[in-house]
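To keep things clear, I will list the structure first and then write my remarks on it.
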Protein chains: 2
Amino acid sequence: MTSPPAGPAGGVLCLPVDGVGEVGDGDDLAQIIVAALGPEGLADGDVLVVTSKVLSKAEGRRVHQTKDAALAAETARLVARRGSTSIVRTHHGYVLAGAGIDTSNTEPGTVLLLPVDPDASARALRERLAGLTGCNVAVVVTDTAGRAWRHGQTDLAVGAAGVAVMHDYAGVGDGYGNELAVTAPAVADEIAAAADLVKGKLARRPAAVLRGLADWVLPPGQHGAGAGALVREEDQDMFGYGAREAVLLALRGDPASRSGFGRAADAAEVVRALTQLGLDVTVTGARVDVRLPDADERMLGRLDATARAALFALGWRFVPRETGSHDPAVLGFEKPTP
Amino acid sequence: MTSPPAGPAGGVLCLPVDGVGEVGDGDDLAQIIVAALGPEGLADGDVLVVTSKVLSKAEGRRVHQTKDAALAAETARLVARRGSTSIVRTHHGYVLAGAGIDTSNTEPGTVLLLPVDPDASARALRERLAGLTGCNVAVVVTDTAGRAWRHGQTDLAVGAAGVAVMHDYAGVGDGYGNELAVTAPAVADEIAAAADLVKGKLARRPAAVLRGLADWVLPPGQHGAGAGALVREEDQDMFGYGAREAVLLALRGDPASRSGFGRAADAAEVVRALTQLGLDVTVTGARVDVRLPDADERMLGRLDATARAALFALGWRFVPRETGSHDPAVLGFEKPTP
C-alpha cells in the first residue's frame, strides 16, 4: 500500500486509458489495463471506470445468437415499445433499450450480453487490481442508457466495488432549518458520466481513471453495496411501464403485469381517482365501496370495466359481495395485505 | 483571447470554485465567480458549470410564495404523483419533482424558482465572462433530478451556452460494419454530472470549472442549441405519465391529457393491442374496425369502455358510423391526420 494519492487539491482528474486494444474471452482485463496505464498508472484512491462491454468480452459474454433471441433471454419484462425499440427491465433490474445487448463493436452474427453480475465483475476486478498493483482502487462498471424525457444517452453505473454508489443526506439541514430536498446523489452514476467525457464512443477507449475521489473509496476488502443498490424496486417505481403500455395492460388485467404498477395506492388516492372517473364512492372502514347508479345495462358494463381497470392500476382488489356490502348495487374494493 | 488551454493531455480536470458565498438578487454572478477563482482562474476552452440555484438567486427568482402555489404556477402538466411527491413537466419542458422549485437553502416562507429561461441565463453568463476575462468559456447550468427506475439523483443540464449539448454519431460505423447503437451522448448532462462530483451538496459550492474539453467549446459568439434541445418532445416521449396516472387519464379520456401519451400508434400496433384485449378487429384501408359480438348489453358496455380507453392511449379516434362502416355492430377507428 502506498500513501494516499496526489490528485489535484480538491479537484477530480479524469484520465483516459489508452492502448487497451481488443479484449477476448478469458483475457485478464486487470492485467491489460495495468499494462496500458504503464508504471505508476494507478494510485491508492483512484476509481477505475470500465465499460460493461469490455468486461463482457473478457467474461465470454459474446454469444452466437440473434438479437431477438438474446433480447428475450435477457428480459425480465417489457417496459415500453415503439417501432423497433424495446425498453425492458433486465434480470439485473436495469431498465435499458434492447436489454443492454450490444450489437455494435461485435462481429456479425454475434451479440454481446451484459455481464451476468456486473457488481461481482467489479469486485473481482478490484481484487485483481489490488493483487497486481498493491493499490486500493475502486471500480465502476458502466453502460450507456437513454432516459425518459430527455434526448441522448449518458453512461451510468451497472457495477461498482469499493465506492459508495449513493451519498445520503437525509435529515441533513441546509443552515436555514430546512431539510435538504435532494438527499441522495447517485455518485456512481456521476462517476460513470464523468468518465464518459474522456472515454469517447469511437476511440475504442473502454476505461478511464478518476483521481481525487480518495475520500469516497472504501478500505481494502470493503466493496460496498454495489450498483445493484441503485435499482429502484418495482414497488417504488412510478414508471414501470410506458404510458401506452400501462393502459393496455390495465385493461387486460393480467395479474402478471401488476408489479409494473408499483405498490398499492392508499385509500385517499383510490377515492380521488374513482370520483374523478364519475363513480359514486364511499369509504367503509378499510373498504372502498362503489355504488352503481340506477342505469341501463350498457352503462353498468362501462362502469364495471372502468372500475376494474382503474383498481388494477391502483393495486386494489374486489371484495366478494358475500363478505362485503351484501348489496347487489354496491361493488367493494380493498387494499391487499402485503 | 489567450491561446488554447492547458488542461491535462487528453484528460479532463474538474475544479471546484470556492468562495462564492451568498448570492443575492441583482448580483453580478460572473463578477463574483471570476473574483472567487482569482487571477488566471479561467482559461480559453474551459466549461464553467453553475447550479441553477445560484443563477436564480442572482436573477431574483426567490419569491414569497407557498410551495403549492409556486408548484401550480411552474407546472405545465402533472406527470406522476405519489404521496407528497409530484413529478411535473415544467413550462421549460423539464420533468422534475416539485417543478425544480427549491425550498432548501432558502429563507423560510420563500421558495426559489428555476430561471425563466436557463439557456438565456447561460448565454448571458458566457458573454459576461468573455467581457470580464477575455476568455472563451462555455457555460452549463445544472439542476438536480431524480430518474425513472433508479434511486438517487444526478445533476443534469437545464441551460447551456457555447458547448454542443449532444454529440451525434448517427450513421457512424464501428469498424465491423455495424452502425453504432448509441448515437447521441448527452454530453451536457455528463458535464453537469462530472461537475457535481466536486461541487457537493453541503459545501455551498455552486460552481465548478471543467478543463480539457476545449475541442467541444464553440467559437466566441456561437452559443449552440442550448439544453432545451435535450428535452424530448411530447410526441416522442414514452413516459409522459406514470403508469398509474396513464391508466386513470385514459379511462377519463379528457382530450387535454392526450399529449402525454405521445404520437398516435401505427395501425399494426392498434390491431395487436385490440386483439390482445379480446376485440374482433379488421383493417379496412386506413380504418380499423371493431366488430361487436352478439353479446348482452352489459358486455357491450364493457367492450365499449375498453376500446375507448385503449384507443385514447393509442391516439386513434372514432369514425362516425355514417362515414364509416354503416354497420351498427361495427365501431370504426382511424389515426388522426397530424
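Lettering and numbering for the C-alpha cells are positional, with chains as A, B, ... in the shown order, residues counted from 1 in each chain, and ligands counted from 1 in the shown order.
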Note to self: Which residues are near A:Leu71? Cut-off 8 Å, only C-alpha atoms, ignore same chain within fewer than 6 positions. Put them as a PyMOL selection string.
What the structure shows: chain A and resi 98-99+101
Notebook entry, point to check: If you run DSSP on the backbone, which residues of stretch 193-281 of chain B are helix (DSSP H, G or I), as a VMD selection string?
Noted result: chain B and resid 193 to 199 214 to 216 227 to 230 234 to 236 243 to 252 255 to 261 267 to 276
Superposed chain B (ref. Chain A, all C-alpha pairs in order) as an mmCIF file with C-alpha atoms, in the first residue's frame:
```cif
data_model
loop_
_atom_site.group_PDB
_atom_site.id
_atom_site.type_symbol
_atom_site.label_atom_id
_atom_site.label_comp_id
_atom_site.auth_asym_id
_atom_site.auth_seq_id
_atom_site.Cartn_x
_atom_site.Cartn_y
_atom_site.Cartn_z
ATOM 1 C CA MET B 1 0.026 -0.005 -0.035
ATOM 2 C CA THR B 2 1.359 3.352 -1.043
ATOM 3 C CA SER B 3 0.327 6.527 0.714
ATOM 4 C CA PRO B 4 -2.882 8.306 -0.294
ATOM 5 C CA PRO B 5 -2.783 9.822 -3.724
ATOM 6 C CA ALA B 6 -1.868 12.940 -5.410
ATOM 7 C CA GLY B 7 -4.720 14.226 -7.503
ATOM 8 C CA PRO B 8 -5.436 17.932 -7.870
ATOM 9 C CA ALA B 9 -6.183 19.572 -4.531
ATOM 10 C CA GLY B 10 -9.925 19.463 -4.158
ATOM 11 C CA GLY B 11 -10.423 18.604 -7.813
ATOM 12 C CA VAL B 12 -11.020 15.463 -9.791
ATOM 13 C CA LEU B 13 -8.919 14.392 -12.746
ATOM 14 C CA CYS B 14 -10.479 12.151 -15.390
ATOM 15 C CA LEU B 15 -7.786 10.336 -17.339
ATOM 16 C CA PRO B 16 -8.406 8.225 -20.410
ATOM 17 C CA VAL B 17 -6.811 4.795 -20.568
ATOM 18 C CA ASP B 18 -5.307 4.306 -24.008
ATOM 19 C CA GLY B 19 -3.941 1.166 -25.590
ATOM 20 C CA VAL B 20 -6.325 -1.453 -24.253
ATOM 21 C CA GLY B 21 -6.948 -2.915 -27.713
ATOM 22 C CA GLU B 22 -9.308 -5.789 -28.493
ATOM 23 C CA VAL B 23 -10.256 -7.903 -25.490
ATOM 24 C CA GLY B 24 -11.162 -11.568 -25.901
ATOM 25 C CA ASP B 25 -12.859 -14.319 -23.926
ATOM 26 C CA GLY B 26 -10.795 -15.242 -20.874
ATOM 27 C CA ASP B 27 -8.417 -12.287 -21.086
ATOM 28 C CA ASP B 28 -7.135 -10.889 -17.796
ATOM 29 C CA LEU B 29 -8.663 -7.422 -18.018
ATOM 30 C CA ALA B 30 -6.894 -6.126 -14.911
ATOM 31 C CA GLN B 31 -3.545 -7.136 -16.381
ATOM 32 C CA ILE B 32 -4.394 -5.522 -19.708
ATOM 33 C CA ILE B 33 -5.423 -2.252 -18.072
ATOM 34 C CA VAL B 34 -2.400 -2.141 -15.802
ATOM 35 C CA ALA B 35 -0.158 -2.747 -18.819
ATOM 36 C CA ALA B 36 -1.959 -0.051 -20.802
ATOM 37 C CA LEU B 37 -1.593 2.453 -17.967
ATOM 38 C CA GLY B 38 2.112 1.770 -17.559
ATOM 39 C CA PRO B 39 4.127 2.050 -14.342
ATOM 40 C CA GLU B 40 2.547 4.235 -11.680
ATOM 41 C CA GLY B 41 -0.611 4.325 -13.754
ATOM 42 C CA LEU B 42 -2.808 3.621 -10.750
ATOM 43 C CA ALA B 43 -2.632 5.106 -7.274
ATOM 44 C CA ASP B 44 -4.389 4.421 -3.990
ATOM 45 C CA GLY B 45 -7.792 6.047 -4.024
ATOM 46 C CA ASP B 46 -8.224 6.000 -7.791
ATOM 47 C CA VAL B 47 -11.517 4.945 -9.316
ATOM 48 C CA LEU B 48 -11.136 2.803 -12.415
ATOM 49 C CA VAL B 49 -14.156 3.105 -14.689
ATOM 50 C CA VAL B 50 -14.627 0.409 -17.338
ATOM 51 C CA THR B 51 -17.382 -0.208 -19.836
ATOM 52 C CA SER B 52 -19.530 -3.268 -19.264
ATOM 53 C CA LYS B 53 -18.750 -4.116 -22.879
ATOM 54 C CA VAL B 54 -15.078 -4.800 -22.288
ATOM 55 C CA LEU B 55 -15.847 -6.792 -19.142
ATOM 56 C CA SER B 56 -18.416 -8.808 -21.063
ATOM 57 C CA LYS B 57 -15.869 -9.622 -23.727
ATOM 58 C CA ALA B 58 -13.357 -10.802 -21.129
ATOM 59 C CA GLU B 59 -16.082 -12.882 -19.468
ATOM 60 C CA GLY B 60 -17.120 -14.631 -22.661
ATOM 61 C CA ARG B 61 -20.520 -12.974 -22.933
ATOM 62 C CA ARG B 62 -20.180 -12.691 -26.718
ATOM 63 C CA VAL B 63 -22.691 -15.239 -27.974
ATOM 64 C CA HIS B 64 -23.847 -16.494 -31.360
ATOM 65 C CA GLN B 65 -27.482 -15.583 -31.082
ATOM 66 C CA THR B 66 -29.993 -13.449 -32.921
ATOM 67 C CA LYS B 67 -30.755 -10.071 -31.385
ATOM 68 C CA ASP B 68 -34.378 -11.133 -30.779
ATOM 69 C CA ALA B 69 -33.471 -14.389 -29.030
ATOM 70 C CA ALA B 70 -30.923 -12.613 -26.838
ATOM 71 C CA LEU B 71 -33.431 -9.900 -25.988
ATOM 72 C CA ALA B 72 -36.036 -12.446 -24.912
ATOM 73 C CA ALA B 73 -33.511 -14.261 -22.738
ATOM 74 C CA GLU B 74 -32.231 -11.116 -21.023
ATOM 75 C CA THR B 75 -35.666 -9.574 -20.399
ATOM 76 C CA ALA B 76 -37.487 -9.814 -17.087
ATOM 77 C CA ARG B 77 -40.407 -7.809 -18.493
ATOM 78 C CA LEU B 78 -41.187 -5.359 -21.246
ATOM 79 C CA VAL B 79 -41.455 -1.733 -20.099
ATOM 80 C CA ALA B 80 -42.281 0.049 -23.356
ATOM 81 C CA ARG B 81 -42.000 -0.447 -27.070
ATOM 82 C CA ARG B 82 -42.116 1.904 -30.030
ATOM 83 C CA GLY B 83 -41.340 0.584 -33.466
ATOM 84 C CA SER B 84 -38.126 -1.428 -33.284
ATOM 85 C CA THR B 85 -37.126 -0.077 -29.866
ATOM 86 C CA SER B 86 -37.941 -2.236 -26.856
ATOM 87 C CA ILE B 87 -37.198 -0.846 -23.425
ATOM 88 C CA VAL B 88 -37.072 -3.676 -20.943
ATOM 89 C CA ARG B 89 -36.277 -4.406 -17.344
ATOM 90 C CA THR B 90 -33.427 -6.915 -17.327
ATOM 91 C CA HIS B 91 -32.983 -9.733 -14.848
ATOM 92 C CA HIS B 92 -30.509 -7.429 -13.050
ATOM 93 C CA GLY B 93 -33.301 -4.854 -12.626
ATOM 94 C CA TYR B 94 -31.800 -2.341 -15.066
ATOM 95 C CA VAL B 95 -34.204 -0.629 -17.448
ATOM 96 C CA LEU B 96 -32.409 -0.440 -20.767
ATOM 97 C CA ALA B 97 -33.261 -0.257 -24.458
ATOM 98 C CA GLY B 98 -32.647 -3.658 -25.969
ATOM 99 C CA ALA B 99 -31.733 -5.097 -22.539
ATOM 100 C CA GLY B 100 -28.282 -3.537 -22.837
ATOM 101 C CA ILE B 101 -27.363 -6.059 -25.525
ATOM 102 C CA ASP B 102 -24.613 -4.719 -27.742
ATOM 103 C CA THR B 103 -24.778 -5.359 -31.452
ATOM 104 C CA SER B 104 -22.203 -2.720 -32.338
ATOM 105 C CA ASN B 105 -18.494 -3.337 -31.940
ATOM 106 C CA THR B 106 -19.169 -7.058 -32.334
ATOM 107 C CA GLU B 107 -18.606 -9.432 -35.239
ATOM 108 C CA PRO B 108 -21.683 -9.953 -37.441
ATOM 109 C CA GLY B 109 -23.869 -12.823 -36.193
ATOM 110 C CA THR B 110 -22.840 -12.309 -32.603
ATOM 111 C CA VAL B 111 -24.210 -10.169 -29.805
ATOM 112 C CA LEU B 112 -22.621 -9.108 -26.567
ATOM 113 C CA LEU B 113 -24.646 -9.541 -23.383
ATOM 114 C CA LEU B 114 -24.154 -7.611 -20.151
ATOM 115 C CA PRO B 115 -22.104 -9.412 -17.490
ATOM 116 C CA VAL B 116 -24.218 -11.886 -15.517
ATOM 117 C CA ASP B 117 -23.485 -9.963 -12.305
ATOM 118 C CA PRO B 118 -21.726 -6.658 -13.006
ATOM 119 C CA ASP B 119 -21.224 -5.953 -9.293
ATOM 120 C CA ALA B 120 -19.438 -9.287 -8.920
ATOM 121 C CA SER B 121 -17.360 -8.409 -12.001
ATOM 122 C CA ALA B 122 -16.446 -5.084 -10.377
ATOM 123 C CA ARG B 123 -15.444 -6.800 -7.135
ATOM 124 C CA ALA B 124 -13.281 -9.339 -8.943
ATOM 125 C CA LEU B 125 -11.590 -6.609 -10.965
ATOM 126 C CA ARG B 126 -10.947 -4.549 -7.819
ATOM 127 C CA GLU B 127 -9.383 -7.535 -6.072
ATOM 128 C CA ARG B 128 -7.253 -8.412 -9.074
ATOM 129 C CA LEU B 129 -6.035 -4.808 -9.429
ATOM 130 C CA ALA B 130 -5.087 -4.811 -5.745
ATOM 131 C CA GLY B 131 -3.178 -8.030 -6.284
ATOM 132 C CA LEU B 132 -1.319 -6.729 -9.318
ATOM 133 C CA THR B 133 -0.534 -3.205 -8.124
ATOM 134 C CA GLY B 134 -0.889 -3.182 -4.348
ATOM 135 C CA CYS B 135 -3.177 -0.176 -4.771
ATOM 136 C CA ASN B 136 -6.603 0.279 -3.239
ATOM 137 C CA VAL B 137 -8.587 1.136 -6.362
ATOM 138 C CA ALA B 138 -12.379 1.283 -6.645
ATOM 139 C CA VAL B 139 -14.097 0.012 -9.784
ATOM 140 C CA VAL B 140 -17.200 1.305 -11.555
ATOM 141 C CA VAL B 141 -18.677 -0.644 -14.488
ATOM 142 C CA THR B 142 -20.701 1.434 -16.925
ATOM 143 C CA ASP B 143 -23.384 1.040 -19.515
ATOM 144 C CA THR B 144 -24.872 3.654 -21.799
ATOM 145 C CA ALA B 145 -28.565 4.338 -21.376
ATOM 146 C CA GLY B 146 -31.289 6.570 -22.699
ATOM 147 C CA ARG B 147 -33.514 8.453 -20.311
ATOM 148 C CA ALA B 148 -37.200 9.080 -19.977
ATOM 149 C CA TRP B 149 -37.959 12.689 -20.964
ATOM 150 C CA ARG B 150 -34.535 13.615 -22.357
ATOM 151 C CA HIS B 151 -32.813 13.092 -25.664
ATOM 152 C CA GLY B 152 -29.455 11.407 -25.867
ATOM 153 C CA GLN B 153 -27.770 8.906 -23.635
ATOM 154 C CA THR B 154 -25.473 9.086 -20.657
ATOM 155 C CA ASP B 155 -23.250 6.499 -19.043
ATOM 156 C CA LEU B 156 -24.383 5.114 -15.721
ATOM 157 C CA ALA B 157 -23.137 2.548 -13.232
ATOM 158 C CA VAL B 158 -24.253 -1.061 -13.609
ATOM 159 C CA GLY B 159 -21.498 -2.388 -11.363
ATOM 160 C CA ALA B 160 -19.415 -0.942 -8.540
ATOM 161 C CA ALA B 161 -16.940 -2.114 -5.937
ATOM 162 C CA GLY B 162 -15.046 -0.130 -3.340
ATOM 163 C CA VAL B 163 -17.054 3.059 -3.604
ATOM 164 C CA ALA B 164 -20.413 4.082 -2.131
ATOM 165 C CA VAL B 165 -22.840 4.346 -5.046
ATOM 166 C CA MET B 166 -25.005 6.951 -3.323
ATOM 167 C CA HIS B 167 -24.374 9.552 -0.631
ATOM 168 C CA ASP B 168 -27.168 10.071 1.831
ATOM 169 C CA TYR B 169 -27.995 13.500 3.192
ATOM 170 C CA ALA B 170 -31.414 12.554 4.531
ATOM 171 C CA GLY B 171 -32.173 14.645 7.582
ATOM 172 C CA VAL B 172 -29.280 16.998 6.976
ATOM 173 C CA GLY B 173 -30.169 20.669 7.226
ATOM 174 C CA ASP B 174 -29.090 23.504 4.984
ATOM 175 C CA GLY B 175 -28.294 26.157 7.566
ATOM 176 C CA TYR B 176 -31.762 27.755 7.343
ATOM 177 C CA GLY B 177 -33.491 24.967 9.219
ATOM 178 C CA ASN B 178 -34.812 23.350 6.049
ATOM 179 C CA GLU B 179 -34.094 19.733 5.363
ATOM 180 C CA LEU B 180 -32.161 19.321 2.134
ATOM 181 C CA ALA B 181 -34.649 18.418 -0.558
ATOM 182 C CA VAL B 182 -32.132 16.426 -2.518
ATOM 183 C CA THR B 183 -30.864 13.797 -0.200
ATOM 184 C CA ALA B 184 -29.051 11.145 -2.164
ATOM 185 C CA PRO B 185 -26.670 11.986 -5.012
ATOM 186 C CA ALA B 186 -26.100 8.870 -7.107
ATOM 187 C CA VAL B 187 -22.356 9.408 -7.201
ATOM 188 C CA ALA B 188 -21.579 6.141 -8.999
ATOM 189 C CA ASP B 189 -23.719 7.339 -11.907
ATOM 190 C CA GLU B 190 -21.973 10.708 -11.841
ATOM 191 C CA ILE B 191 -18.601 8.947 -11.855
ATOM 192 C CA ALA B 192 -19.726 6.910 -14.864
ATOM 193 C CA ALA B 193 -20.872 10.065 -16.671
ATOM 194 C CA ALA B 194 -17.639 11.929 -15.907
ATOM 195 C CA ALA B 195 -15.559 9.038 -17.224
ATOM 196 C CA ASP B 196 -17.523 9.018 -20.465
ATOM 197 C CA LEU B 197 -16.271 12.528 -21.191
ATOM 198 C CA VAL B 198 -12.790 11.069 -21.738
ATOM 199 C CA LYS B 199 -13.670 7.556 -22.926
ATOM 200 C CA GLY B 200 -15.445 8.494 -26.125
ATOM 201 C CA LYS B 201 -17.604 6.222 -28.232
ATOM 202 C CA LEU B 202 -15.380 5.956 -31.282
ATOM 203 C CA ALA B 203 -11.939 5.935 -29.703
ATOM 204 C CA ARG B 204 -12.176 2.264 -28.597
ATOM 205 C CA ARG B 205 -11.146 3.533 -25.200
ATOM 206 C CA PRO B 206 -13.035 1.348 -22.747
ATOM 207 C CA ALA B 207 -11.612 2.676 -19.501
ATOM 208 C CA ALA B 208 -10.796 5.822 -17.586
ATOM 209 C CA VAL B 209 -9.252 6.626 -14.237
ATOM 210 C CA LEU B 210 -10.773 9.211 -11.895
ATOM 211 C CA ARG B 211 -8.308 10.645 -9.414
ATOM 212 C CA GLY B 212 -9.222 12.900 -6.509
ATOM 213 C CA LEU B 213 -12.085 10.905 -5.010
ATOM 214 C CA ALA B 214 -9.932 9.018 -2.507
ATOM 215 C CA ASP B 215 -12.163 10.117 0.365
ATOM 216 C CA TRP B 216 -14.986 8.133 -1.224
ATOM 217 C CA VAL B 217 -12.989 4.954 -1.811
ATOM 218 C CA LEU B 218 -13.614 2.258 0.779
ATOM 219 C CA PRO B 219 -10.814 0.484 2.623
ATOM 220 C CA PRO B 220 -9.303 -2.622 1.033
ATOM 221 C CA GLY B 221 -11.618 -5.595 1.287
ATOM 222 C CA GLN B 222 -14.744 -3.455 1.610
ATOM 223 C CA HIS B 223 -16.712 -3.350 -1.604
ATOM 224 C CA GLY B 224 -19.892 -1.499 -0.591
ATOM 225 C CA ALA B 225 -23.426 -2.199 -1.732
ATOM 226 C CA GLY B 226 -22.683 -2.189 -5.453
ATOM 227 C CA ALA B 227 -24.612 -0.570 -8.289
ATOM 228 C CA GLY B 228 -27.483 -2.981 -7.757
ATOM 229 C CA ALA B 229 -28.421 -0.725 -4.842
ATOM 230 C CA LEU B 230 -29.272 1.992 -7.379
ATOM 231 C CA VAL B 231 -32.061 -0.105 -8.880
ATOM 232 C CA ARG B 232 -35.409 1.287 -7.809
ATOM 233 C CA GLU B 233 -37.533 -1.558 -6.495
ATOM 234 C CA GLU B 234 -40.634 -2.289 -8.563
ATOM 235 C CA ASP B 235 -42.951 -1.236 -5.754
ATOM 236 C CA GLN B 236 -41.313 2.211 -5.625
ATOM 237 C CA ASP B 237 -41.263 2.735 -9.362
ATOM 238 C CA MET B 238 -43.772 5.189 -10.848
ATOM 239 C CA PHE B 239 -42.605 4.497 -14.405
ATOM 240 C CA GLY B 240 -42.711 0.720 -14.535
ATOM 241 C CA TYR B 241 -44.465 0.936 -17.902
ATOM 242 C CA GLY B 242 -44.651 3.400 -20.729
ATOM 243 C CA ALA B 243 -47.889 5.405 -20.623
ATOM 244 C CA ARG B 244 -49.409 3.526 -23.549
ATOM 245 C CA GLU B 245 -48.356 0.098 -22.278
ATOM 246 C CA ALA B 246 -49.742 0.858 -18.820
ATOM 247 C CA VAL B 247 -53.207 1.521 -20.218
ATOM 248 C CA LEU B 248 -53.288 -1.593 -22.384
ATOM 249 C CA LEU B 249 -52.041 -3.800 -19.554
ATOM 250 C CA ALA B 250 -54.521 -2.422 -17.030
ATOM 251 C CA LEU B 251 -57.352 -3.033 -19.465
ATOM 252 C CA ARG B 252 -56.211 -6.644 -19.840
ATOM 253 C CA GLY B 253 -55.849 -7.001 -16.083
ATOM 254 C CA ASP B 254 -53.363 -9.856 -16.230
ATOM 255 C CA PRO B 255 -52.025 -10.314 -12.662
ATOM 256 C CA ALA B 256 -48.529 -10.956 -14.066
ATOM 257 C CA SER B 257 -48.306 -7.314 -15.122
ATOM 258 C CA ARG B 258 -49.295 -5.869 -11.734
ATOM 259 C CA SER B 259 -45.776 -5.366 -10.353
ATOM 260 C CA GLY B 260 -45.001 -2.711 -12.970
ATOM 261 C CA PHE B 261 -47.664 -0.465 -11.431
ATOM 262 C CA GLY B 262 -45.849 -0.205 -8.124
ATOM 263 C CA ARG B 263 -47.289 -0.474 -4.658
ATOM 264 C CA ALA B 264 -50.993 -0.309 -3.941
ATOM 265 C CA ALA B 265 -52.461 3.188 -3.649
ATOM 266 C CA ASP B 266 -53.776 4.462 -0.337
ATOM 267 C CA ALA B 267 -57.511 4.796 0.224
ATOM 268 C CA ALA B 268 -57.524 8.560 -0.328
ATOM 269 C CA GLU B 269 -55.997 8.180 -3.763
ATOM 270 C CA VAL B 270 -58.433 5.426 -4.687
ATOM 271 C CA VAL B 271 -61.367 7.601 -3.686
ATOM 272 C CA ARG B 272 -60.002 10.593 -5.607
ATOM 273 C CA ALA B 273 -59.347 8.522 -8.730
ATOM 274 C CA LEU B 274 -62.721 6.783 -8.763
ATOM 275 C CA THR B 275 -64.565 10.020 -8.069
ATOM 276 C CA GLN B 276 -62.794 11.667 -10.995
ATOM 277 C CA LEU B 277 -63.993 8.748 -13.110
ATOM 278 C CA GLY B 278 -67.565 9.635 -12.212
ATOM 279 C CA LEU B 279 -68.109 6.745 -9.828
ATOM 280 C CA ASP B 280 -70.137 7.091 -6.627
ATOM 281 C CA VAL B 281 -67.671 6.146 -3.897
ATOM 282 C CA THR B 282 -67.914 5.671 -0.149
ATOM 283 C CA VAL B 283 -65.297 4.509 2.331
ATOM 284 C CA THR B 284 -66.448 1.822 4.751
ATOM 285 C CA GLY B 285 -63.654 1.006 7.153
ATOM 286 C CA ALA B 286 -60.759 -0.318 5.071
ATOM 287 C CA ARG B 287 -63.118 -1.000 2.165
ATOM 288 C CA VAL B 288 -64.005 1.362 -0.667
ATOM 289 C CA ASP B 289 -67.488 0.814 -2.053
ATOM 290 C CA VAL B 290 -68.669 1.860 -5.501
ATOM 291 C CA ARG B 291 -72.431 2.269 -5.717
ATOM 292 C CA LEU B 292 -73.683 1.430 -9.184
ATOM 293 C CA PRO B 293 -76.194 3.920 -10.492
ATOM 294 C CA ASP B 294 -79.682 3.052 -11.580
ATOM 295 C CA ALA B 295 -78.602 2.818 -15.190
ATOM 296 C CA ASP B 296 -79.043 0.633 -18.223
ATOM 297 C CA GLU B 297 -77.041 -2.543 -18.610
ATOM 298 C CA ARG B 298 -74.643 -1.075 -21.153
ATOM 299 C CA MET B 299 -73.748 1.794 -18.832
ATOM 300 C CA LEU B 300 -73.222 -0.669 -15.997
ATOM 301 C CA GLY B 301 -70.884 -2.650 -18.223
ATOM 302 C CA ARG B 302 -68.914 0.518 -18.977
ATOM 303 C CA LEU B 303 -68.612 1.441 -15.316
ATOM 304 C CA ASP B 304 -67.602 -2.073 -14.431
ATOM 305 C CA ALA B 305 -64.782 -2.148 -17.013
ATOM 306 C CA THR B 306 -63.643 1.316 -15.943
ATOM 307 C CA ALA B 307 -63.591 0.447 -12.246
ATOM 308 C CA ARG B 308 -61.757 -2.809 -12.878
ATOM 309 C CA ALA B 309 -58.982 -1.198 -14.942
ATOM 310 C CA ALA B 310 -58.590 1.692 -12.506
ATOM 311 C CA LEU B 311 -58.396 -0.571 -9.483
ATOM 312 C CA PHE B 312 -55.945 -2.877 -11.219
ATOM 313 C CA ALA B 313 -53.618 0.101 -11.752
ATOM 314 C CA LEU B 314 -54.168 1.251 -8.178
ATOM 315 C CA GLY B 315 -53.379 -2.204 -6.849
ATOM 316 C CA TRP B 316 -56.743 -2.798 -5.134
ATOM 317 C CA ARG B 317 -58.910 -5.891 -5.471
ATOM 318 C CA PHE B 318 -62.575 -6.775 -5.426
ATOM 319 C CA VAL B 319 -64.156 -7.896 -2.191
ATOM 320 C CA PRO B 320 -66.545 -10.788 -2.838
ATOM 321 C CA ARG B 321 -70.081 -9.548 -2.334
ATOM 322 C CA GLU B 322 -70.836 -12.160 0.299
ATOM 323 C CA THR B 323 -68.079 -10.778 2.559
ATOM 324 C CA GLY B 324 -68.575 -7.171 1.500
ATOM 325 C CA SER B 325 -71.635 -4.979 1.308
ATOM 326 C CA HIS B 326 -74.101 -7.788 0.462
ATOM 327 C CA ASP B 327 -75.839 -5.147 -1.693
ATOM 328 C CA PRO B 328 -76.013 -6.170 -5.384
ATOM 329 C CA ALA B 329 -75.781 -2.485 -6.412
ATOM 330 C CA VAL B 330 -72.474 -2.024 -4.560
ATOM 331 C CA LEU B 331 -69.009 -3.172 -5.627
ATOM 332 C CA GLY B 332 -66.489 -3.352 -2.770
ATOM 333 C CA PHE B 333 -62.711 -2.995 -3.099
ATOM 334 C CA GLU B 334 -59.885 -3.332 -0.621
ATOM 335 C CA LYS B 335 -56.146 -2.852 -0.455
ATOM 336 C CA PRO B 336 -54.446 -6.230 -0.499
ATOM 337 C CA THR B 337 -52.483 -7.013 2.632
ATOM 338 C CA PRO B 338 -48.810 -7.063 1.619
#
```
Next item on the list: Report as JSON, numbers by chain: the residues of stretch 63-242 of chain B with a DSSP assignment of strand (DSSP E or B), based on the backbone of this structure.
Entry: {"B": [63, 64, 75, 76, 77, 78, 79, 80, 81, 82, 85, 86, 87, 88, 89, 90, 95, 96, 97, 102, 110, 111, 112, 138, 139, 140, 141, 142, 143, 144, 145, 146, 147, 150, 151, 152, 153, 154, 155, 156, 157, 158, 159, 160, 161, 163, 173, 179, 185, 207, 208, 209, 210, 211, 217, 231]}
